file upload13.cif (mmCIF, C-alpha atoms)
data_coords
loop_
_atom_site.label_atom_id
_atom_site.label_comp_id
_atom_site.auth_asym_id
_atom_site.auth_seq_id
_atom_site.Cartn_x
_atom_site.Cartn_y
_atom_site.Cartn_z
CA MET A 935 5.01 -4.21 14.25
CA PRO A 936 3.04 -1.75 12.08
CA PHE A 937 -0.38 -2.84 10.84
CA GLU A 938 -0.47 -3.83 7.18
CA GLU A 939 -3.81 -4.38 5.51
CA GLY A 940 -2.57 -7.10 3.15
CA VAL A 941 -0.84 -9.08 5.90
CA HIS A 942 -2.79 -8.61 9.12
CA SER A 943 -6.33 -8.16 7.89
CA VAL A 944 -8.85 -10.87 8.71
CA ARG A 945 -9.55 -13.25 5.85
CA ARG A 946 -13.18 -13.75 5.00
CA GLY A 947 -14.42 -17.30 4.87
CA ILE A 948 -15.39 -18.82 1.55
CA ALA A 949 -19.12 -18.25 1.06
CA PRO A 950 -21.56 -16.81 -1.48
CA ALA A 951 -22.10 -13.08 -1.51
CA ALA A 952 -24.25 -12.05 1.43
CA ASP A 953 -25.79 -9.09 -0.42
CA PRO A 954 -25.20 -9.35 -4.16
CA SER A 955 -27.18 -6.20 -4.88
CA ASP A 956 -24.09 -4.07 -4.29
CA ARG A 957 -22.20 -5.90 -7.04
CA ALA A 958 -23.82 -4.48 -10.15
CA GLU A 959 -21.30 -6.10 -12.45
CA THR A 960 -22.32 -9.61 -11.35
CA PRO A 961 -24.84 -11.19 -13.77
CA TRP A 962 -28.15 -12.47 -12.42
CA TRP A 963 -27.34 -16.10 -13.10
CA ASN A 964 -24.31 -15.97 -10.81
CA ILE A 965 -26.02 -14.58 -7.71
CA ARG A 966 -28.60 -15.98 -5.33
CA THR A 967 -31.49 -15.29 -7.72
CA GLY A 968 -29.99 -17.85 -10.09
CA THR A 969 -31.18 -20.76 -7.93
CA PRO A 970 -33.18 -22.45 -10.73
CA LEU A 971 -30.11 -22.45 -12.94
CA ARG A 972 -27.97 -24.01 -10.23
CA LEU A 973 -30.57 -26.71 -9.60
CA ALA A 974 -30.62 -27.46 -13.32
CA SER A 975 -26.83 -27.65 -13.38
CA ILE A 976 -26.88 -30.16 -10.49
CA LEU A 977 -29.23 -32.38 -12.49
CA ALA A 978 -27.04 -32.05 -15.59
CA ILE A 979 -23.87 -32.93 -13.65
CA VAL A 980 -25.57 -35.98 -12.10
CA VAL A 981 -26.57 -37.13 -15.59
CA CYS A 982 -22.97 -36.66 -16.76
CA GLY A 983 -21.72 -38.87 -13.95
CA TRP A 984 -24.35 -41.49 -14.68
CA VAL A 985 -23.56 -41.53 -18.42
CA ALA A 986 -19.83 -41.77 -17.67
CA ARG A 987 -20.44 -45.24 -16.18
CA SER A 988 -21.44 -46.73 -19.52
CA VAL A 989 -18.88 -44.90 -21.67
CA PRO A 990 -15.42 -46.42 -22.26
CA TRP A 991 -12.57 -44.60 -20.56
CA PRO A 992 -11.10 -42.71 -23.57
CA TRP A 993 -14.49 -41.16 -24.31
CA THR A 994 -15.02 -39.97 -20.75
CA ALA A 995 -12.47 -37.23 -21.47
CA ALA A 996 -15.22 -35.49 -23.47
CA PHE A 997 -16.89 -34.61 -20.16
CA ALA A 998 -13.83 -32.68 -18.97
CA LEU A 999 -14.66 -29.40 -20.73
CA PRO A 1000 -18.32 -29.03 -19.58
CA LEU A 1001 -17.39 -30.12 -16.06
CA ALA A 1002 -14.57 -27.57 -15.98
CA ALA A 1003 -17.03 -24.87 -17.05
CA ALA A 1004 -19.44 -26.01 -14.33
CA SER A 1005 -16.60 -25.92 -11.78
CA TRP A 1006 -15.79 -22.34 -12.73
CA TYR A 1007 -19.46 -21.32 -12.48
CA TRP A 1008 -19.93 -22.96 -9.08
CA GLY A 1009 -16.63 -21.62 -7.79
CA LYS A 1010 -17.50 -18.07 -8.83
CA TRP A 1011 -20.80 -18.31 -6.95
CA LEU A 1012 -19.37 -20.05 -3.86
CA THR A 1013 -16.59 -17.46 -3.43
CA GLY A 1014 -18.70 -14.43 -4.27
CA ASN A 1015 -18.28 -12.73 -0.86
CA ALA A 1016 -14.76 -11.53 -1.67
CA GLU A 1017 -12.27 -11.13 -4.49
CA ARG A 1018 -10.22 -14.31 -4.80
CA SER A 1019 -7.75 -15.82 -7.22
CA TRP A 1020 -8.93 -18.00 -10.06
CA LEU A 1021 -7.26 -21.03 -8.48
CA VAL A 1022 -9.26 -20.68 -5.26
CA ARG A 1023 -12.49 -20.22 -7.21
CA PHE A 1024 -11.87 -23.16 -9.51
CA SER A 1025 -10.78 -25.43 -6.62
CA ALA A 1026 -13.91 -24.63 -4.60
CA GLY A 1027 -16.15 -25.28 -7.60
CA SER A 1028 -14.28 -28.45 -8.52
CA MET A 1029 -14.92 -29.99 -5.10
CA VAL A 1030 -18.67 -29.40 -5.45
CA VAL A 1031 -18.82 -30.65 -9.04
CA LEU A 1032 -16.72 -33.71 -8.19
CA ALA A 1033 -19.07 -34.65 -5.35
CA ILE A 1034 -22.09 -34.34 -7.64
CA VAL A 1035 -20.42 -36.34 -10.43
CA ILE A 1036 -19.55 -39.17 -8.05
CA THR A 1037 -23.17 -39.23 -6.84
CA GLY A 1038 -24.36 -39.76 -10.41
CA TYR A 1039 -21.55 -42.21 -11.15
CA PHE A 1040 -22.57 -44.56 -8.35
CA MET A 1041 -26.29 -43.87 -8.48
CA LEU A 1042 -27.34 -47.00 -10.36
CA GLY A 1043 -24.48 -49.36 -9.62
CA SER A 1044 -20.84 -49.77 -8.82
CA ALA A 1045 -18.05 -48.47 -10.99
CA PRO A 1046 -16.20 -51.05 -13.12
CA SER A 1047 -13.18 -52.47 -11.38
CA SER A 1048 -10.90 -51.64 -14.30
CA GLY A 1049 -11.85 -47.95 -14.34
CA ILE A 1050 -10.85 -45.01 -12.20
CA THR A 1051 -12.67 -45.23 -8.87
CA ALA A 1052 -13.78 -42.39 -6.67
CA SER A 1053 -11.16 -43.21 -4.05
CA THR A 1054 -8.42 -42.79 -6.65
CA VAL A 1055 -9.53 -39.19 -7.21
CA LEU A 1056 -10.60 -38.26 -3.70
CA PHE A 1057 -7.66 -39.69 -1.74
CA PRO A 1058 -4.98 -37.27 -3.05
CA VAL A 1059 -7.36 -34.33 -2.67
CA GLY A 1060 -8.36 -35.35 0.86
CA ALA A 1061 -4.77 -36.03 1.89
CA TRP A 1062 -3.66 -32.64 0.57
CA LEU A 1063 -6.50 -30.83 2.37
CA ALA A 1064 -5.78 -32.69 5.63
CA ALA A 1065 -2.05 -31.97 5.41
CA LEU A 1066 -2.61 -28.29 4.69
CA GLY A 1067 -5.19 -28.04 7.46
CA SER A 1068 -2.81 -29.74 9.91
CA TRP A 1069 -0.17 -27.19 9.02
CA HIS A 1070 -2.65 -24.37 9.70
CA ALA A 1071 -3.52 -25.98 13.04
CA CYS A 1072 0.07 -26.35 14.23
CA ARG A 1073 1.87 -23.27 12.91
CA SER A 1074 2.34 -20.44 15.40
CA SER A 1075 0.54 -22.49 18.05
CA ARG A 1076 1.47 -23.77 21.48
CA VAL A 1077 1.93 -27.22 19.97
CA ALA A 1078 4.55 -25.96 17.53
CA GLN A 1079 6.26 -23.81 20.14
CA ASN A 1080 6.57 -26.76 22.55
CA ALA A 1081 7.20 -29.49 19.97
CA VAL A 1082 10.60 -30.36 21.47
CA ALA A 1083 9.05 -30.95 24.88
CA LEU A 1084 5.95 -32.75 23.57
CA SER A 1085 7.75 -35.18 21.25
CA PRO A 1086 9.25 -37.39 24.01
CA VAL A 1087 5.91 -37.41 25.83
CA LEU A 1088 4.16 -38.72 22.71
CA ILE A 1089 6.85 -41.09 21.42
CA LEU A 1090 8.30 -42.72 24.53
CA PRO A 1091 5.06 -44.48 25.61
CA LEU A 1092 4.63 -46.17 22.21
CA PRO A 1093 6.92 -49.19 22.97
CA TRP A 1094 4.62 -49.99 25.90
CA VAL A 1095 1.25 -48.92 24.53
CA ILE A 1096 1.47 -50.80 21.21
CA PRO A 1097 2.40 -54.20 22.77
CA PHE A 1098 -0.35 -53.73 25.36
CA PHE A 1099 -2.95 -53.19 22.65
CA ALA A 1100 -1.48 -56.09 20.64
CA GLN A 1101 -1.78 -58.45 23.61
CA PHE A 1102 -5.35 -57.24 24.02
CA LEU A 1103 -6.11 -58.32 20.43
CA GLN A 1104 -4.21 -61.61 20.82
CA SER A 1105 -6.17 -62.35 23.97
CA GLY A 1106 -9.37 -61.65 22.07
CA TYR A 1107 -8.33 -64.23 19.47
CA LEU A 1108 -7.12 -66.99 21.80
CA HIS A 1109 -8.88 -66.57 25.13
CA ASP A 1110 -12.25 -65.18 24.05
CA ASN A 1111 -12.73 -67.59 21.14
CA PHE A 1112 -10.70 -70.71 22.02
CA GLY A 1113 -10.45 -70.46 25.82
CA ILE A 1114 -6.64 -70.59 25.67
CA PRO A 1115 -4.57 -68.02 27.60
CA THR A 1116 -2.16 -65.92 25.57
CA SER A 1117 0.74 -66.76 27.89
CA ALA A 1118 0.46 -70.45 26.94
CA VAL A 1119 1.08 -69.84 23.22
CA SER A 1120 4.41 -68.99 21.64
CA ILE A 1121 4.13 -65.85 19.47
CA ASP A 1122 6.96 -64.11 17.65
CA PRO A 1123 7.51 -60.65 19.25
CA ASN A 1124 7.63 -59.06 15.80
CA TRP A 1125 4.04 -60.10 15.19
CA THR A 1126 3.09 -58.53 18.52
CA TYR A 1127 3.83 -55.13 16.99
CA LEU A 1128 2.40 -55.90 13.56
CA ILE A 1129 -1.03 -56.94 14.83
CA ALA A 1130 -1.45 -53.51 16.44
CA LEU A 1131 -0.04 -51.43 13.58
CA ARG A 1132 -3.14 -51.58 11.39
CA PRO A 1133 -5.62 -50.17 13.96
CA ALA A 1134 -2.93 -47.75 15.15
CA PHE A 1135 -2.48 -46.54 11.57
CA PHE A 1136 -6.21 -45.92 11.15
CA CYS A 1137 -6.33 -44.12 14.51
CA ALA A 1138 -3.46 -41.90 13.37
CA CYS A 1139 -5.34 -41.16 10.14
CA VAL A 1140 -8.44 -40.12 12.11
CA ILE A 1141 -6.37 -37.82 14.32
CA PHE A 1142 -4.64 -36.41 11.25
CA ILE A 1143 -7.97 -35.67 9.52
CA CYS A 1144 -9.51 -34.10 12.64
CA LEU A 1145 -6.38 -32.00 13.09
CA GLY A 1146 -6.79 -30.83 9.51
CA MET A 1147 -10.42 -29.91 10.21
CA THR A 1148 -9.29 -27.89 13.23
CA GLY A 1149 -6.67 -26.14 11.11
CA TRP A 1150 -9.19 -25.07 8.50
CA ALA A 1151 -11.50 -23.82 11.25
CA ARG A 1152 -8.60 -21.79 12.61
CA TYR A 1153 -7.68 -20.54 9.15
CA PHE A 1154 -11.11 -19.04 8.59
CA TYR A 1155 -11.22 -17.49 12.09
CA TRP A 1156 -14.10 -19.31 13.67
CA ASN A 1157 -13.90 -17.23 16.81
CA GLY A 1158 -16.19 -16.99 19.80
CA ARG A 1159 -18.86 -19.63 20.23
CA GLY A 1160 -18.39 -20.84 16.69
CA LYS A 1161 -14.79 -21.82 17.36
CA ALA A 1162 -15.63 -23.55 20.64
CA TYR A 1163 -18.49 -25.41 18.96
CA ALA A 1164 -16.27 -26.50 16.06
CA ILE A 1165 -13.53 -27.80 18.37
CA ALA A 1166 -16.09 -29.65 20.52
CA MET A 1167 -17.69 -31.27 17.47
CA ILE A 1168 -14.32 -32.26 15.99
CA ALA A 1169 -13.29 -33.82 19.32
CA CYS A 1170 -16.55 -35.79 19.45
CA VAL A 1171 -16.11 -36.97 15.86
CA ALA A 1172 -12.54 -38.09 16.61
CA ALA A 1173 -13.67 -39.98 19.73
CA VAL A 1174 -16.47 -41.73 17.85
CA TYR A 1175 -14.17 -42.83 15.03
CA LEU A 1176 -11.42 -43.97 17.40
CA LEU A 1177 -13.90 -46.10 19.33
CA THR A 1178 -15.27 -47.42 16.04
CA ILE A 1179 -11.78 -48.49 14.96
CA ILE A 1180 -11.24 -50.34 18.25
CA VAL A 1181 -14.60 -52.11 17.95
CA ALA A 1182 -13.92 -52.97 14.30
CA SER A 1183 -10.51 -54.37 15.25
CA LEU A 1184 -12.06 -56.62 17.88
CA GLN A 1185 -14.70 -57.70 15.42
CA GLY A 1186 -12.00 -58.54 12.86
CA VAL A 1187 -10.19 -60.64 15.46
CA SER A 1188 -13.40 -62.49 16.28
CA GLU A 1189 -14.10 -63.14 12.60
CA ALA A 1190 -10.57 -64.49 12.07
CA ALA A 1191 -10.97 -66.81 15.06
CA SER A 1192 -14.33 -68.01 13.72
CA ARG A 1193 -12.73 -68.84 10.37
CA ALA A 1194 -9.97 -70.75 12.17
CA ALA A 1195 -12.53 -72.70 14.20
CA ASP A 1196 -14.54 -73.55 11.09
CA SER A 1197 -11.38 -74.81 9.37
CA ALA A 1198 -10.53 -77.01 12.34
CA VAL A 1199 -14.07 -78.43 12.47
CA ALA A 1200 -13.81 -79.17 8.72
CA GLY A 1201 -10.53 -81.04 9.29
CA ARG A 1202 -8.18 -78.38 7.83
CA ASP A 1203 -5.31 -76.48 9.41
CA PRO A 1204 -6.36 -72.85 9.96
CA ASP A 1205 -4.44 -70.01 8.42
CA PRO A 1206 -1.87 -68.27 10.68
CA TYR A 1207 -3.03 -65.05 12.27
CA PHE A 1208 -0.24 -62.57 13.04
CA GLY A 1209 2.13 -65.19 14.43
CA ILE A 1210 -0.56 -67.34 16.09
CA ASN A 1211 -0.08 -70.69 14.39
CA GLY A 1212 -2.48 -73.54 15.08
CA ASN A 1213 -2.37 -77.01 13.51
CA LEU A 1214 -4.37 -80.20 13.79
CA PHE A 1215 -2.41 -82.84 15.66
CA CYS A 1216 -3.14 -86.25 17.05
CA ILE A 1217 -2.36 -86.47 20.74
CA ARG A 1218 -1.69 -89.57 22.87
CA PRO A 1219 -0.53 -89.98 26.47
CA VAL A 1220 2.86 -91.56 27.22
CA VAL A 1221 2.12 -92.12 30.91
CA ASN A 1222 -0.71 -93.92 32.66
CA ASP A 1223 -3.65 -91.70 33.58
CA PRO A 1224 -2.21 -88.27 32.79
CA ALA A 1225 -3.81 -85.31 34.54
CA VAL A 1226 -5.89 -83.59 31.87
CA THR A 1227 -7.69 -80.40 32.79
CA ASN A 1228 -11.16 -80.42 31.24
CA GLY A 1229 -10.55 -83.96 29.93
CA PRO A 1230 -10.81 -86.63 28.76
CA LEU A 1231 -8.01 -86.55 26.22
CA PRO A 1232 -9.27 -87.27 22.67
CA LYS A 1233 -7.32 -90.14 21.08
CA ASP A 1234 -9.17 -91.06 17.87
CA TYR A 1235 -9.26 -87.73 16.03
CA PRO A 1236 -6.99 -84.68 15.75
CA VAL A 1237 -7.37 -81.56 17.85
CA LEU A 1238 -6.22 -77.99 17.26
CA VAL A 1239 -2.90 -77.35 18.98
CA PHE A 1240 -1.06 -74.02 19.13
CA GLU A 1241 2.68 -73.58 19.54
CA ARG A 1242 3.28 -73.84 23.26
CA ALA A 1243 5.26 -71.36 25.32
CA GLY A 1244 5.36 -73.25 28.63
CA ASP A 1245 5.41 -76.77 29.99
CA GLU A 1246 1.77 -77.46 29.11
CA VAL A 1247 0.08 -78.36 25.83
CA TRP A 1248 -3.17 -76.51 25.22
CA ALA A 1249 -5.57 -78.04 22.70
CA TRP A 1250 -8.96 -77.18 21.30
CA ASP A 1251 -11.36 -80.03 20.53
CA PRO A 1252 -13.36 -79.39 17.30
CA ARG A 1253 -15.93 -82.10 18.06
CA ARG A 1254 -16.79 -80.58 21.41
CA GLU A 1255 -17.37 -77.27 19.65
CA VAL A 1256 -20.15 -78.69 17.49
CA SER A 1257 -21.65 -80.79 20.31
CA SER A 1258 -24.34 -79.25 22.50
CA VAL A 1259 -23.69 -81.49 25.53
CA ALA A 1260 -19.89 -81.77 25.54
CA PRO A 1261 -17.75 -79.76 27.98
CA SER A 1262 -15.68 -76.76 26.96
CA PRO A 1263 -13.47 -77.48 23.92
CA ALA A 1264 -10.29 -76.16 25.56
CA LEU A 1265 -8.14 -78.61 27.50
CA HIS A 1266 -4.52 -78.78 28.62
CA VAL A 1267 -2.06 -81.36 29.88
CA LYS A 1268 1.59 -81.52 30.85
CA ALA A 1269 3.80 -81.54 27.75
CA ASP A 1270 5.98 -84.44 29.02
CA HIS A 1271 2.89 -86.60 29.58
CA VAL A 1272 1.78 -86.69 25.92
CA THR A 1273 3.14 -86.94 22.42
CA THR A 1274 1.75 -85.37 19.27
CA TRP A 1275 2.03 -86.10 15.56
CA ALA A 1276 0.44 -84.96 12.33
CA PRO A 1277 -2.71 -86.92 11.38
CA THR A 1278 -2.93 -89.10 8.30
CA SER A 1279 -5.62 -89.05 5.65
CA GLY A 1280 -8.52 -91.45 5.87
CA GLU A 1281 -11.43 -92.17 8.14
CA ARG A 1282 -9.15 -92.88 11.12
CA PRO A 1283 -6.44 -90.19 10.96
CA CYS A 1284 -5.07 -90.94 14.44
CA ALA A 1285 -5.13 -94.73 14.25
CA GLY A 1286 -1.95 -96.74 14.50
CA ASP A 1287 1.40 -95.85 16.06
CA GLN A 1288 2.43 -92.27 16.57
CA LYS A 1289 5.06 -90.88 14.20
CA GLY A 1290 6.85 -88.36 16.41
#
call {"tool": "encode", "arguments": {"input": "upload13.cif", "output": "structure tokens"}}
result
Amino acid sequence: MPFEEGVHSVRRGIAPAADPSDRAETPWWNIRTGTPLRLASILAIVVCGWVARSVPWPWTAAFALPLAAASWYWGKWLTGNAERSWLVRFSAGSMVVLAIVITGYFMLGSAPSSGITASTVLFPVGAWLAALGSWHACRSSRVAQNAVALSPVLILPLPWVIPFFAQFLQSGYLHDNFGIPTSAVSIDPNWTYLIALRPAFFCACVIFICLGMTGWARYFYWNGRGKAYAIAMIACVAAVYLLTIIVASLQGVSEAASRAADSAVAGRDPDPYFGINGNLFCIRPVVNDPAVTNGPLPKDYPVLVFERAGDEVWAWDPRREVSSVAPSPALHVKADHVTTWAPTSGERPCAGDQKG
């Protein structure tokens, strides 16, 4: 294939002019010697963002024209190392001006809930940049060339990986906080997938963003040590965020279990958690001296009981939880040795004959 300057030449990365002295037509305020003017413009943009907080929404449109002019000025300086289209210049300047405006907007407080938030503006821009960067990372690469072979390798393990991670979270809720094994509780299989979808979605977003970062690094030809350093840093960032998502998921499970335990101690049924349904029930033996693991069996007050999946009833005693000398709150007994019923209101909710 013959070499064509417009097609095969190396694209220069977006940056200010390295030596503006050879560009006589460029005014002084748009080159590196215009630093005081750029510092003043940063202060002015921050003030615009701060003032926009206290101005009703229709009047904030008055800031559009000066901010557009500032975006053009910043874009012309940022892209001064090569001739570029007006769209590239304005987009580069807009990203800088938008970041400065948001800094001023949130400097002295939070934005009003009824107004346009920063996430509303930044999410489409970030998603577009990540998608375009991912395309740059995958096109004409080994990943794209072997997509047919890689797809089964990536997709086929999901039906096993997602339930494994879901059971890990369910075990963190039941076993780590209530002392009840996951196998003893009946959970709808659909919820087994749903509990893992949220952290899996955030993990996919992290991978998508890091792939976009790699694509932009490839687009601007970060060769040699720079390329290796960029890929290593992006991999480290991805690993840190993936581990953070896993830790945050476990923390969310622990917080949900704590709320459920507090509800049970307060005498209320806890909210369901991804198919794990627990309710306060009175429990009473139907045989003489039933074998209760970690007994005795409470008879005068309700205990937290989850939907059972086997031939044993697992219960969690709220009063043992708040006692410093009582044994572990978790206990279990054969299902055919006891009967359970919903407690009644009053000081003695489990007094009288059982109702079912």
call {"tool": "closest_residue", "arguments": {"input": "upload13.cif", "among": "A:Ser1085, A:Gln1185, A:Thr994, A:Asn1124", "to": "Ile1210 (chain A)", "atoms": "only C-alpha atoms"}}
result
A:Asn1124
call {"tool": "resolve_selection", "arguments": {"input": "upload13.cif", "expression": "the PyMOL selection byres ((chain A and resi 1277) around 8)", "output": "list in words"}}
result
Leu1214, Phe1215, Cys1216, Pro1236, Trp1275, Ala1276, Thr1278, Ser1279, Pro1283 and Cys1284 of chain A
call {"tool": "residues_around", "arguments": {"input": "upload13.cif", "residues": "Ala1194 (chain A)", "least_positions_apart": "6", "cutoff": "12 Å", "atoms": "all atoms listed in the file", "output": "list in words"}}
result
Tyr1107, Leu1108, Asn1111, Phe1112, Val1187, Ser1188, Ala1200, Gly1201, Arg1202, Asp1203, Pro1204, Asp1205, Pro1206, Tyr1207, Ile1210, Asn1211, Gly1212, Asn1213, Leu1214, Leu1238, Val1239, Phe1240, Trp1250 and Pro1252 of chain A
call {"tool": "resolve_selection", "arguments": {"input": "upload13.cif", "expression": "the PyMOL selection byres ((chain A and resi 1070-1074) around 8)", "output": "short mmCIF file (atom, residue, chain, number, x, y, z; two decimals) with C-alpha atoms, in the coordinates of the input"}}
result
data_model
loop_
_atom_site.label_atom_id
_atom_site.label_comp_id
_atom_site.auth_asym_id
_atom_site.auth_seq_id
_atom_site.Cartn_x
_atom_site.Cartn_y
_atom_site.Cartn_z
CA LEU A 1066 -2.61 -28.29 4.69
CA GLY A 1067 -5.19 -28.04 7.46
CA SER A 1068 -2.81 -29.74 9.91
CA TRP A 1069 -0.17 -27.19 9.02
CA SER A 1075 0.54 -22.49 18.05
CA ARG A 1076 1.47 -23.77 21.48
CA VAL A 1077 1.93 -27.22 19.97
CA ALA A 1078 4.55 -25.96 17.53
CA GLN A 1079 6.26 -23.81 20.14
CA LEU A 1145 -6.38 -32.00 13.09
CA GLY A 1146 -6.79 -30.83 9.51
CA THR A 1148 -9.29 -27.89 13.23
CA GLY A 1149 -6.67 -26.14 11.11
CA TRP A 1150 -9.19 -25.07 8.50
CA ARG A 1152 -8.60 -21.79 12.61
CA TYR A 1153 -7.68 -20.54 9.15
#
call {"tool": "atom_distance", "arguments": {"input": "upload13.cif", "atom1": "CA of Ile1217 (chain A)", "atom2": "CA of Ala1191 (chain A)"}}
result
22.2 Å
call {"tool": "resolve_selection", "arguments": {"input": "upload13.cif", "expression": "the PyMOL selection byres ((chain A and resi 1251) around 10)", "output": "PyMOL selection string"}}
result
chain A and resi 1112+1195+1198-1199+1214+1231-1232+1235-1239+1249-1250+1252-1256+1261-1265
call {"tool": "write_last_selection", "arguments": {"input": "upload13.cif", "atoms": "C-alpha atoms", "output": "short mmCIF file (atom, residue, chain, number, x, y, z; two decimals), in the coordinates of the input"}}
result
data_model
loop_
_atom_site.label_atom_id
_atom_site.label_comp_id
_atom_site.auth_asym_id
_atom_site.auth_seq_id
_atom_site.Cartn_x
_atom_site.Cartn_y
_atom_site.Cartn_z
CA PHE A 1112 -10.70 -70.71 22.02
CA ALA A 1195 -12.53 -72.70 14.20
CA ALA A 1198 -10.53 -77.01 12.34
CA VAL A 1199 -14.07 -78.43 12.47
CA LEU A 1214 -4.37 -80.20 13.79
CA LEU A 1231 -8.01 -86.55 26.22
CA PRO A 1232 -9.27 -87.27 22.67
CA TYR A 1235 -9.26 -87.73 16.03
CA PRO A 1236 -6.99 -84.68 15.75
CA VAL A 1237 -7.37 -81.56 17.85
CA LEU A 1238 -6.22 -77.99 17.26
CA VAL A 1239 -2.90 -77.35 18.98
CA ALA A 1249 -5.57 -78.04 22.70
CA TRP A 1250 -8.96 -77.18 21.30
CA PRO A 1252 -13.36 -79.39 17.30
CA ARG A 1253 -15.93 -82.10 18.06
CA ARG A 1254 -16.79 -80.58 21.41
CA GLU A 1255 -17.37 -77.27 19.65
CA VAL A 1256 -20.15 -78.69 17.49
CA PRO A 1261 -17.75 -79.76 27.98
CA SER A 1262 -15.68 -76.76 26.96
CA PRO A 1263 -13.47 -77.48 23.92
CA ALA A 1264 -10.29 -76.16 25.56
CA LEU A 1265 -8.14 -78.61 27.50
#
